[in-house]
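The structure appears right after this line, and notes come after that.
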Amino acid sequence: MSTTRLIPAETLTRARAMRHEAAPIEAKLWWFLRNRRLGGYKFRRQHPIAPFVADFFCAELSLVIELDGTSHLSTTEYDEQRTKRLERDGCHVMRFLNVDVALYLDAVLEEILRECKQLAARNHPHPSPLPEYRERGR
């Protein structure tokens, strides 16, 4: 997925505003994702991916993490379409309910880390074994 696409000004403005208005549960998860605290992976918060703003995004893995609160109960169809669009554009999307982050934070972090490792292994498989050692002069 290319992150060099031009982002519409209103999407950038919305993303910046959302960074300053983080929900408490987003702030809680962000503490564990920021500064490469989770497995050394770099995450961004409220990252614009036109026409959307992802709650959390790891560019290295094209991984989007979305937190769904009670307001998402009435927008499940929109959320499904959004996920399909992001996946079509090359992103991997993980969704968690706010209540799960609040009650089962360790399990959520383990699941995110497991997905990061799987995506990293797919993106950067182990190189072929080294060729056999050959003596000099032969």
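Chain lettering (A, B, ...) mirrors the order of the structure tokens, residue numbering begins at 1 for each chain separately, and ligand numbering begins at 1 in order of display.
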
| message | Can you tell me which residues surround stretch 42-44 of chain A at a distance of at most 8 Å, considering only C-alpha atoms, apart from same-chain residues fewer than 6 positions away, and format the answer as a count of residues only? | response | 9

| Nearest to A:Ile112, chosen from A:Glu66, A:Glu26, A:Glu21, A:Asp89, with only C-alpha atoms counted in the distances | A:Glu66

| field | Residue contacts of stretch 91-107 of chain A (10 Å, only C-alpha atoms) excluding same-chain residues fewer than 4 positions away, as a PyMOL selection string | value | chain A and resi 1+23-26+28-29+32+49+54-59+61-70+72+79+82-87+111-113+115-116+119

| message | What does the structure give for the distance between atom CA of A:Arg122 and atom CA of A:Trp31, in Å to one decimal? | response |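 Here the two named atoms are 26.8 Å from each other.
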